[in-house]
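**Student:** I am sharing input_24.cif, which consists of mmCIF, C-alpha atoms and all ligand atoms:
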data_final
#
loop_
_atom_site.label_atom_id
_atom_site.label_comp_id
_atom_site.auth_asym_id
_atom_site.auth_seq_id
_atom_site.Cartn_x
_atom_site.Cartn_y
_atom_site.Cartn_z
CA MET Q 125 14.02 -0.59 13.74
CA SER Q 126 14.17 -4.25 14.51
CA LEU Q 127 15.76 -6.50 12.01
CA LEU Q 128 15.65 -9.84 10.39
CA LYS Q 129 13.26 -12.65 10.59
CA THR Q 130 14.03 -15.69 8.51
CA ALA Q 131 11.99 -18.78 7.83
CA GLN Q 132 15.02 -20.78 6.64
CA PRO Q 133 18.81 -20.56 6.93
CA LEU Q 134 20.16 -17.33 5.49
CA PHE Q 135 22.11 -18.91 2.70
CA ALA Q 136 19.37 -21.01 1.15
CA GLU Q 137 18.62 -19.64 -2.28
CA GLU Q 138 14.83 -19.68 -2.02
CA VAL Q 139 14.86 -18.13 1.42
CA LEU Q 140 11.73 -16.33 2.61
CA VAL Q 141 12.74 -13.22 4.46
CA GLU Q 142 10.95 -10.36 6.06
CA LEU Q 143 12.69 -7.21 7.19
CA GLU Q 144 11.03 -5.60 10.18
CA VAL Q 145 10.85 -1.82 10.13
CA GLY Q 146 8.83 -0.52 13.07
CA GLU Q 147 5.46 -2.21 12.85
CA LEU Q 148 6.02 -3.03 9.19
CA ARG Q 149 7.23 -6.38 7.96
CA ILE Q 150 8.50 -6.09 4.43
CA PRO Q 151 8.81 -9.27 2.36
CA VAL Q 152 11.99 -9.65 0.35
CA GLN Q 153 11.47 -11.07 -3.09
CA ARG Q 154 14.56 -12.62 -4.69
CA GLN Q 155 14.81 -12.10 -8.43
CA SER Q 156 17.38 -12.33 -11.20
CA ARG Q 157 18.15 -8.62 -11.17
CA LYS Q 158 21.16 -6.43 -10.45
CA THR Q 159 19.89 -3.83 -7.97
CA VAL Q 160 17.80 -3.66 -4.81
CA ALA Q 161 14.53 -1.77 -4.97
CA LEU Q 162 11.87 -0.88 -2.47
CA HIS Q 163 8.40 -0.94 -4.00
CA VAL Q 164 5.07 0.41 -2.80
CA LEU Q 165 2.32 -1.90 -4.02
CA ARG Q 166 -1.17 -0.88 -5.02
CA ASP Q 167 -2.57 -2.10 -1.70
CA GLY Q 168 -0.21 0.30 0.09
CA SER Q 169 2.12 -2.44 1.33
CA PHE Q 170 5.87 -2.53 0.66
CA GLU Q 171 8.08 -5.10 -0.99
CA ILE Q 172 11.83 -5.35 -1.43
CA ARG Q 173 13.10 -6.82 -4.68
CA ALA Q 174 16.68 -8.00 -4.49
CA PRO Q 175 19.19 -9.96 -6.58
CA ASN Q 176 19.15 -13.69 -5.86
CA ARG Q 177 22.53 -13.92 -4.18
CA LEU Q 178 22.88 -10.51 -2.59
CA PRO Q 179 23.77 -10.96 1.10
CA LEU Q 180 21.04 -10.00 3.54
CA GLY Q 181 23.35 -7.55 5.30
CA VAL Q 182 23.49 -5.44 2.14
CA ILE Q 183 19.71 -5.50 1.80
CA ARG Q 184 19.38 -4.53 5.44
CA SER Q 185 21.73 -1.54 4.97
CA PHE Q 186 19.73 -0.48 1.94
CA VAL Q 187 16.46 -0.50 3.90
CA HIS Q 188 18.17 1.41 6.74
CA SER Q 189 19.22 4.06 4.24
CA ARG Q 190 15.62 4.45 3.09
CA ARG Q 191 14.19 4.61 6.60
CA ASP Q 192 13.16 8.28 6.38
CA TRP Q 193 11.46 7.68 3.06
CA LEU Q 194 9.56 4.71 4.52
CA GLN Q 195 8.42 6.79 7.47
CA GLU Q 196 7.23 9.55 5.13
CA ARG Q 197 5.27 7.03 3.08
CA LEU Q 198 3.66 5.68 6.24
CA ASP Q 199 2.79 9.17 7.50
CA SER Q 200 1.26 10.16 4.18
CA LEU Q 201 -0.66 6.89 4.02
CA GLU Q 202 -2.16 7.68 7.40
CA ALA Q 203 -2.99 11.25 6.50
CA GLY Q 204 -4.05 10.46 2.94
CA GLU Q 205 -6.42 7.71 3.93
CA GLY Q 206 -8.36 10.05 6.10
CA ALA Q 207 -7.39 8.63 9.48
CA LEU Q 208 -6.82 12.16 10.74
CA ALA Q 209 -10.21 13.25 9.44
CA LEU Q 210 -12.10 10.72 11.57
CA GLN Q 211 -14.21 12.34 14.24
CA TYR Q 212 -15.63 10.90 17.41
CA HIS Q 213 -18.39 13.30 18.39
CA ASP Q 214 -22.10 12.52 18.45
CA GLY Q 215 -23.40 12.50 14.88
CA ALA Q 216 -19.98 11.86 13.29
CA ILE Q 217 -20.07 9.54 10.28
CA HIS Q 218 -18.40 6.13 10.44
CA HIS Q 219 -18.70 3.39 7.86
CA PHE Q 220 -19.77 -0.16 8.49
CA LEU Q 221 -19.76 -2.79 5.71
CA GLY Q 222 -19.52 -0.02 3.14
CA GLU Q 223 -22.45 2.05 4.45
CA PRO Q 224 -22.25 5.36 6.35
CA TYR Q 225 -23.69 5.45 9.87
CA LYS Q 226 -24.12 8.28 12.35
CA LEU Q 227 -22.49 7.83 15.71
CA LYS Q 228 -25.09 7.97 18.51
CA LEU Q 229 -23.31 8.36 21.83
CA MET Q 230 -24.66 7.53 25.25
CA ALA Q 231 -23.02 7.72 28.66
CA ALA Q 232 -23.30 4.46 30.58
CA THR Q 233 -21.27 2.51 33.08
CA ARG Q 234 -20.96 -0.47 30.74
CA TRP Q 235 -19.73 -0.55 27.14
CA PHE Q 236 -22.44 -1.28 24.65
CA ALA Q 237 -22.63 -1.10 20.86
CA SER Q 238 -25.26 -1.84 18.26
CA VAL Q 239 -25.72 -0.98 14.61
CA GLY Q 240 -28.88 -0.41 12.57
CA ASP Q 241 -31.29 2.23 11.24
CA GLY Q 242 -28.42 4.39 10.03
CA GLU Q 243 -26.80 4.59 13.46
CA ILE Q 244 -23.96 3.04 15.37
CA ARG Q 245 -25.14 3.35 18.96
CA LEU Q 246 -22.30 3.40 21.39
CA ALA Q 247 -22.32 3.57 25.16
CA THR Q 248 -19.14 4.44 27.06
CA ASN Q 249 -18.50 5.67 30.58
CA LYS Q 250 -16.87 8.86 29.29
CA ILE Q 251 -17.82 10.76 26.15
CA ASP Q 252 -14.48 12.24 25.19
CA GLU Q 253 -12.60 11.67 21.96
CA LEU Q 254 -10.24 8.99 23.28
CA SER Q 255 -12.93 7.00 25.12
CA VAL Q 256 -15.26 7.08 22.11
CA CYS Q 257 -12.43 6.06 19.76
CA LYS Q 258 -11.62 3.10 22.01
CA ALA Q 259 -15.27 2.13 22.35
CA LEU Q 260 -15.62 2.25 18.57
CA GLN Q 261 -12.53 0.06 18.12
CA LYS Q 262 -14.13 -2.44 20.48
CA PHE Q 263 -17.24 -2.42 18.28
CA TYR Q 264 -15.25 -3.10 15.10
CA LEU Q 265 -13.25 -5.81 16.88
CA ARG Q 266 -16.44 -7.55 18.02
CA GLU Q 267 -17.90 -7.39 14.53
CA ALA Q 268 -14.62 -8.67 13.03
CA GLU Q 269 -14.66 -11.62 15.43
CA ILE Q 270 -18.28 -12.38 14.53
CA ARG Q 271 -18.07 -11.94 10.76
CA LEU Q 272 -14.55 -12.52 9.47
CA PRO Q 273 -13.71 -16.11 10.56
CA GLU Q 274 -16.54 -17.29 8.31
CA ARG Q 275 -15.13 -15.36 5.30
CA VAL Q 276 -11.64 -16.72 5.98
CA ALA Q 277 -12.95 -20.29 6.24
CA PHE Q 278 -15.01 -19.91 3.05
CA TRP Q 279 -12.11 -18.62 0.91
CA HIS Q 280 -9.60 -20.95 2.52
CA ARG Q 281 -11.77 -23.91 1.45
CA ARG Q 282 -11.91 -22.55 -2.10
CA LEU Q 283 -8.11 -22.19 -2.24
CA PHE Q 284 -6.56 -24.97 -0.22
CA ASN Q 285 -7.07 -28.38 1.24
CA ARG Q 286 -5.28 -27.93 4.55
CA ASP Q 287 -5.79 -26.69 8.10
CA LEU Q 288 -7.03 -23.16 8.65
CA PRO Q 289 -4.34 -20.64 9.58
CA GLU Q 290 -4.25 -18.93 12.96
CA LEU Q 291 -6.36 -15.78 12.72
CA LYS Q 292 -5.98 -12.53 14.67
CA PHE Q 293 -7.68 -9.15 14.56
CA ARG Q 294 -5.99 -5.86 15.35
CA ALA Q 295 -6.26 -2.16 14.73
CA MET Q 296 -3.40 -1.41 12.31
CA ARG Q 297 -2.48 2.01 10.99
CA SER Q 298 -1.20 1.26 7.53
CA ARG Q 299 -2.15 -2.24 6.46
CA TRP Q 300 -5.41 -4.08 5.88
CA GLY Q 301 -3.92 -7.42 6.72
CA SER Q 302 -0.70 -9.34 7.05
CA CYS Q 303 0.49 -12.88 6.70
CA ALA Q 304 3.43 -14.02 8.80
CA SER Q 305 6.02 -16.40 7.44
CA HIS Q 306 4.90 -18.98 10.03
CA GLY Q 307 1.44 -18.86 8.44
CA GLY Q 308 -0.64 -16.76 10.84
CA ILE Q 309 -2.98 -14.17 9.38
CA THR Q 310 -3.83 -10.83 10.98
CA LEU Q 311 -6.71 -8.73 9.70
CA ASN Q 312 -7.26 -5.05 10.43
CA ILE Q 313 -10.51 -4.43 12.33
CA SER Q 314 -11.01 -1.32 10.12
CA LEU Q 315 -11.85 -3.74 7.30
CA LEU Q 316 -15.37 -3.81 8.75
CA ARG Q 317 -15.77 -0.29 7.39
CA ALA Q 318 -15.38 -1.57 3.84
CA PRO Q 319 -17.99 -3.28 1.66
CA LEU Q 320 -18.00 -7.08 1.69
CA PRO Q 321 -16.46 -7.51 -1.82
CA ALA Q 322 -13.42 -5.49 -0.65
CA ILE Q 323 -13.22 -7.42 2.65
CA ASP Q 324 -13.20 -10.67 0.69
CA TYR Q 325 -10.40 -9.35 -1.51
CA VAL Q 326 -8.19 -8.65 1.53
CA VAL Q 327 -9.01 -12.07 2.99
CA VAL Q 328 -8.10 -13.81 -0.28
CA HIS Q 329 -4.97 -11.66 -0.67
CA GLU Q 330 -3.65 -12.67 2.75
CA LEU Q 331 -4.66 -16.34 2.29
CA CYS Q 332 -2.77 -16.47 -1.03
CA HIS Q 333 0.37 -15.36 0.85
CA LEU Q 334 0.23 -18.75 2.60
CA GLN Q 335 1.22 -20.16 -0.80
CA HIS Q 336 3.27 -17.29 -2.29
CA PHE Q 337 5.10 -15.02 0.12
CA ASP Q 338 5.45 -12.20 -2.40
CA HIS Q 339 3.42 -10.29 -4.99
CA SER Q 340 4.70 -12.31 -7.95
CA PRO Q 341 2.66 -13.17 -11.06
CA ALA Q 342 2.05 -16.61 -9.49
CA PHE Q 343 0.59 -14.90 -6.41
CA HIS Q 344 -1.76 -12.75 -8.50
CA ALA Q 345 -2.75 -15.78 -10.59
CA LEU Q 346 -3.81 -17.55 -7.40
CA VAL Q 347 -5.81 -14.50 -6.23
CA GLY Q 348 -7.39 -14.26 -9.69
CA SER Q 349 -8.28 -17.96 -9.70
CA VAL Q 350 -10.97 -17.33 -7.07
CA LEU Q 351 -11.49 -13.56 -7.52
CA PRO Q 352 -11.11 -12.68 -11.22
CA ASP Q 353 -12.39 -9.16 -10.39
CA TRP Q 354 -9.89 -8.56 -7.56
CA LYS Q 355 -8.62 -5.25 -9.00
CA GLY Q 356 -12.07 -3.69 -8.88
CA ARG Q 357 -12.55 -4.99 -5.36
CA ALA Q 358 -9.21 -3.50 -4.22
CA GLU Q 359 -10.37 -0.11 -5.51
CA LEU Q 360 -13.32 -0.27 -3.10
CA LEU Q 361 -10.91 -0.02 -0.17
CA THR Q 362 -11.40 3.73 0.20
CA VAL Q 363 -12.40 3.79 3.86
CA PRO Q 364 -9.84 4.94 6.47
CA CYS Q 365 -7.39 2.27 7.55
CA GLY Q 366 -6.54 3.60 11.01
CA PHE Q 367 -8.34 5.24 13.92
ZN ZN Q 401 0.36 -8.81 0.08
#
Could I get this file's structure written as structure tokens?
Ligand SMILES: [Zn+2]

**Tutor:**
Amino acid sequence: MSLLKTAQPLFAEEVLVELEVGELRIPVQRQSRKTVALHVLRDGSFEIRAPNRLPLGVIRSFVHSRRDWLQERLDSLEAGEGALALQYHDGAIHHFLGEPYKLKLMAATRWFASVGDGEIRLATNKIDELSVCKALQKFYLREAEIRLPERVAFWHRRLFNRDLPELKFRAMRSRWGSCASHGGITLNISLLRAPLPAIDYVVVHELCHLQHFDHSPAFHALVGSVLPDWKGRAELLTVPCGF
């Protein structure tokens, strides 16, 4: 488990902090409260709520003590969201923009992917589970690079009058997106499995973290200002998150 990442000096009262636990970065929200708590949010992400003046060392020890619990949550997220149920044989079903498609596999020396007529056609040099999984990730990455910058730019314009954040795409096992304290946004390529209204919700969610680095009422008010129906959209995120 790697540790602290701070945007400001540790002793500033309004400090923005993320604790790093494996590939997770957990935002710490300071509140006028007496105890530390680790929360799982409805989007499956975690948040630490801690008293305003509690030293970071104490918060860090607390998260260390809950490490096994965190790992269990992550494991069950992966299993529960169907990642283990994904199959990579010819005819297996994979979703794209909310619609189911049959995988049509072809052996070829060069990678190739296209989507249409109910099929995702995929050419790889080897047709085994790992090669097909990788080829499929490449397909989702390409589609993310084609389709998502436009969604990010659209919602960013609706929310802010400033420069676009740095945008990256990755396969992530347990999160749909993340926003770093330096302002970069990473989106999970598996988002392309979800319908567009759900994709837009994740985009807006991460963009709003540029303004509010927590899940406070102010954060949700900002999300709701452009997506009043965000809760319904979040419920559409039923496709598997990982590969
Ligand atoms: Zn969030």

**Student:** How close does chain Q get to ligand ZN 401 (chain Q)? List, as a Markdown table, each residue of chain Q within 9 Å, its nearest atom pair and the distance in Å to one decimal, counting all atoms listed in the file.

**Tutor:**
| residue | atom | partner | partner_atom | distance |
| --- | --- | --- | --- | --- |
| Q:Pro151 | CA | Q:ZN401 | ZN | 8.8 |
| Q:Leu165 | CA | Q:ZN401 | ZN | 8.3 |
| Q:Asp167 | CA | Q:ZN401 | ZN | 7.5 |
| Q:Ser169 | CA | Q:ZN401 | ZN | 6.7 |
| Q:Phe170 | CA | Q:ZN401 | ZN | 8.4 |
| Q:Glu171 | CA | Q:ZN401 | ZN | 8.6 |
| Q:Gly301 | CA | Q:ZN401 | ZN | 8.0 |
| Q:Ser302 | CA | Q:ZN401 | ZN | 7.1 |
| Q:Cys303 | CA | Q:ZN401 | ZN | 7.8 |
| Q:Val326 | CA | Q:ZN401 | ZN | 8.7 |
| Q:His329 | CA | Q:ZN401 | ZN | 6.1 |
| Q:Glu330 | CA | Q:ZN401 | ZN | 6.2 |
| Q:Cys332 | CA | Q:ZN401 | ZN | 8.3 |
| Q:His333 | CA | Q:ZN401 | ZN | 6.6 |
| Q:Phe337 | CA | Q:ZN401 | ZN | 7.8 |
| Q:Asp338 | CA | Q:ZN401 | ZN | 6.6 |
| Q:His339 | CA | Q:ZN401 | ZN | 6.1 |
| Q:Phe343 | CA | Q:ZN401 | ZN | 8.9 |

**Student:** List as an MDAnalysis selection string the protein and nucleic acid residues near Ile323 in chain Q, meaning an atom at most 9 Å away when all atoms listed in the file are counted, but skip any in the same chain fewer than 5 places from it.

**Tutor:** chainID Q and resid 221 272 275 315:318 328 357:358 361

**Student:** Write the selection just made, keeping C-alpha atoms, as an mmCIF file, in the frame of the given file?

**Tutor:**
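Output (selection.cif):
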data_model
loop_
_atom_site.group_PDB
_atom_site.id
_atom_site.type_symbol
_atom_site.label_atom_id
_atom_site.label_comp_id
_atom_site.auth_asym_id
_atom_site.auth_seq_id
_atom_site.Cartn_x
_atom_site.Cartn_y
_atom_site.Cartn_z
ATOM 1 C CA LEU Q 221 -19.760 -2.790 5.710
ATOM 2 C CA LEU Q 272 -14.550 -12.520 9.470
ATOM 3 C CA ARG Q 275 -15.130 -15.360 5.300
ATOM 4 C CA LEU Q 315 -11.850 -3.740 7.300
ATOM 5 C CA LEU Q 316 -15.370 -3.810 8.750
ATOM 6 C CA ARG Q 317 -15.770 -0.290 7.390
ATOM 7 C CA ALA Q 318 -15.380 -1.570 3.840
ATOM 8 C CA VAL Q 328 -8.100 -13.810 -0.280
ATOM 9 C CA ARG Q 357 -12.550 -4.990 -5.360
ATOM 10 C CA ALA Q 358 -9.210 -3.500 -4.220
ATOM 11 C CA LEU Q 361 -10.910 -0.020 -0.170
#

**Student:** Identify, on the basis of only C-alpha atoms, every residue whose closest approach to Leu260 in chain Q does not exceed 9 Å; exclude the query and any residue fewer than 2 positions from it along the same chain; express the result as a list in words.

**Tutor:**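 Within the cut-off, the hits are Tyr212, Ala237, Ile244, Leu246, Ser255, Val256, Cys257, Lys258, Lys262, Phe263, Tyr264 and Leu265 of chain Q.
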
**Student:** Ranking Q:Pro289, Q:Arg299, Q:Cys365, Q:Ser340 by minimum distance to Val152 in chain Q and counting all atoms listed in the file, which one comes first?

**Tutor:**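 Looking only at the distances to Val152 in chain Q, the closest residue turns out to be Q:Ser340.
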
**Student:** Residues near Ser156 in chain Q, anyone? I mean within 12 Å using only C-alpha atoms, not counting same-chain ones fewer than 4 positions away, as a PyMOL selection string.

**Tutor:** chain Q and resi 137+160+173-178

**Student:** Measuring between all atoms listed in the file, which one of Q:Glu267, Q:Leu143, Q:Arg286, Q:Gln155 shows the shortest distance to Asn312 in chain Q?

**Tutor:**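 Using all atoms listed in the file, Asn312 in chain Q sits closest to Q:Glu267.
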
**Student:** Pick from Q:Ala232, Q:Val164, Q:Val363, Q:Ala259: nearest to Leu210 in chain Q, with all atoms listed in the file counted?

**Tutor:**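 Under the stated criterion, the closest residue is Q:Val363.
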
**Student:** How far is it from CA of Leu162 in chain Q to CA of Glu196 in chain Q, in Å with one decimal?

**Tutor:**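 Atom-to-atom, CA of Leu162 in chain Q and CA of Glu196 in chain Q are spaced 13.7 Å apart.
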
**Student:** Anything within 9 Å of (-23.5, -0.2, 1.6): list those residues as a PDB file with C-alpha atoms, in the coordinates of the input, counting all atoms listed in the file and sticking to the file's coordinates.

**Tutor:**
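Resulting contents of point_17.pdb:
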ATOM      1  CA  HIS Q 219     -18.700   3.390   7.860  1.00  0.00           C
ATOM      2  CA  PHE Q 220     -19.770  -0.160   8.490  1.00  0.00           C
ATOM      3  CA  LEU Q 221     -19.760  -2.790   5.710  1.00  0.00           C
ATOM      4  CA  GLY Q 222     -19.520  -0.020   3.140  1.00  0.00           C
ATOM      5  CA  GLU Q 223     -22.450   2.050   4.450  1.00  0.00           C
ATOM      6  CA  PRO Q 224     -22.250   5.360   6.350  1.00  0.00           C
ATOM      7  CA  ALA Q 318     -15.380  -1.570   3.840  1.00  0.00           C
ATOM      8  CA  PRO Q 319     -17.990  -3.280   1.660  1.00  0.00           C
ATOM      9  CA  LEU Q 320     -18.000  -7.080   1.690  1.00  0.00           C
TER      10      LEU Q 320
END

**Student:** For CA of Ala231 in chain Q and CA of Ala247 in chain Q, determine how far apart the two atoms are, in Å to one decimal place.

**Tutor:**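 So the answer is 5.5 Å.
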
**Student:** Given the choices Q:His188, Q:His344, Q:Lys158, Q:Arg245, which gets closest to Ala216 in chain Q if the distance is worked out from only C-alpha atoms?

**Tutor:** Q:Arg245

**Student:** Quick check, in Å to one decimal: how far apart do CA of Pro321 in chain Q and CA of Phe236 in chain Q lie?

**Tutor:** 27.8 Å

**Student:** From the list Q:Pro352, Q:Pro364, Q:Gly181, Q:Pro341, which residue is nearest Tyr325 in chain Q when using only C-alpha atoms?

**Tutor:**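 Smallest separation from Tyr325 in chain Q among the options: Q:Pro352.
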
**Student:** I'd like to know which of Q:His213, Q:Arg234, Q:His306, Q:Arg271 is closest to Leu254 in chain Q, using only C-alpha atoms.

**Tutor:**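 Looking only at the distances to Leu254 in chain Q, the closest residue turns out to be Q:His213.
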
**Student:** Would you output range 256-273 of chain Q from that structure, restricted to C-alpha atoms, as a PDB file, in the first residue's frame?

**Tutor:**
ATOM      1  CA  VAL Q 256      -9.028 -12.095 -27.552  1.00  0.00           C
ATOM      2  CA  CYS Q 257      -9.399 -10.220 -24.239  1.00  0.00           C
ATOM      3  CA  LYS Q 258      -6.477  -7.965 -25.185  1.00  0.00           C
ATOM      4  CA  ALA Q 259      -7.802  -7.430 -28.703  1.00  0.00           C
ATOM      5  CA  LEU Q 260     -11.177  -6.496 -27.260  1.00  0.00           C
ATOM      6  CA  GLN Q 261      -9.578  -4.023 -24.835  1.00  0.00           C
ATOM      7  CA  LYS Q 262      -7.857  -2.436 -27.821  1.00  0.00           C
ATOM      8  CA  PHE Q 263     -11.252  -2.092 -29.505  1.00  0.00           C
ATOM      9  CA  TYR Q 264     -12.810  -0.369 -26.474  1.00  0.00           C
ATOM     10  CA  LEU Q 265      -9.751   1.877 -26.121  1.00  0.00           C
ATOM     11  CA  ARG Q 266     -10.001   2.949 -29.764  1.00  0.00           C
ATOM     12  CA  GLU Q 267     -13.704   3.679 -29.405  1.00  0.00           C
ATOM     13  CA  ALA Q 268     -13.076   5.593 -26.151  1.00  0.00           C
ATOM     14  CA  GLU Q 269     -10.459   7.726 -27.901  1.00  0.00           C
ATOM     15  CA  ILE Q 270     -12.850   8.406 -30.775  1.00  0.00           C
ATOM     16  CA  ARG Q 271     -16.020   9.077 -28.783  1.00  0.00           C
ATOM     17  CA  LEU Q 272     -15.241  10.289 -25.274  1.00  0.00           C
ATOM     18  CA  PRO Q 273     -13.158  13.470 -25.798  1.00  0.00           C
TER      19      PRO Q 273
END
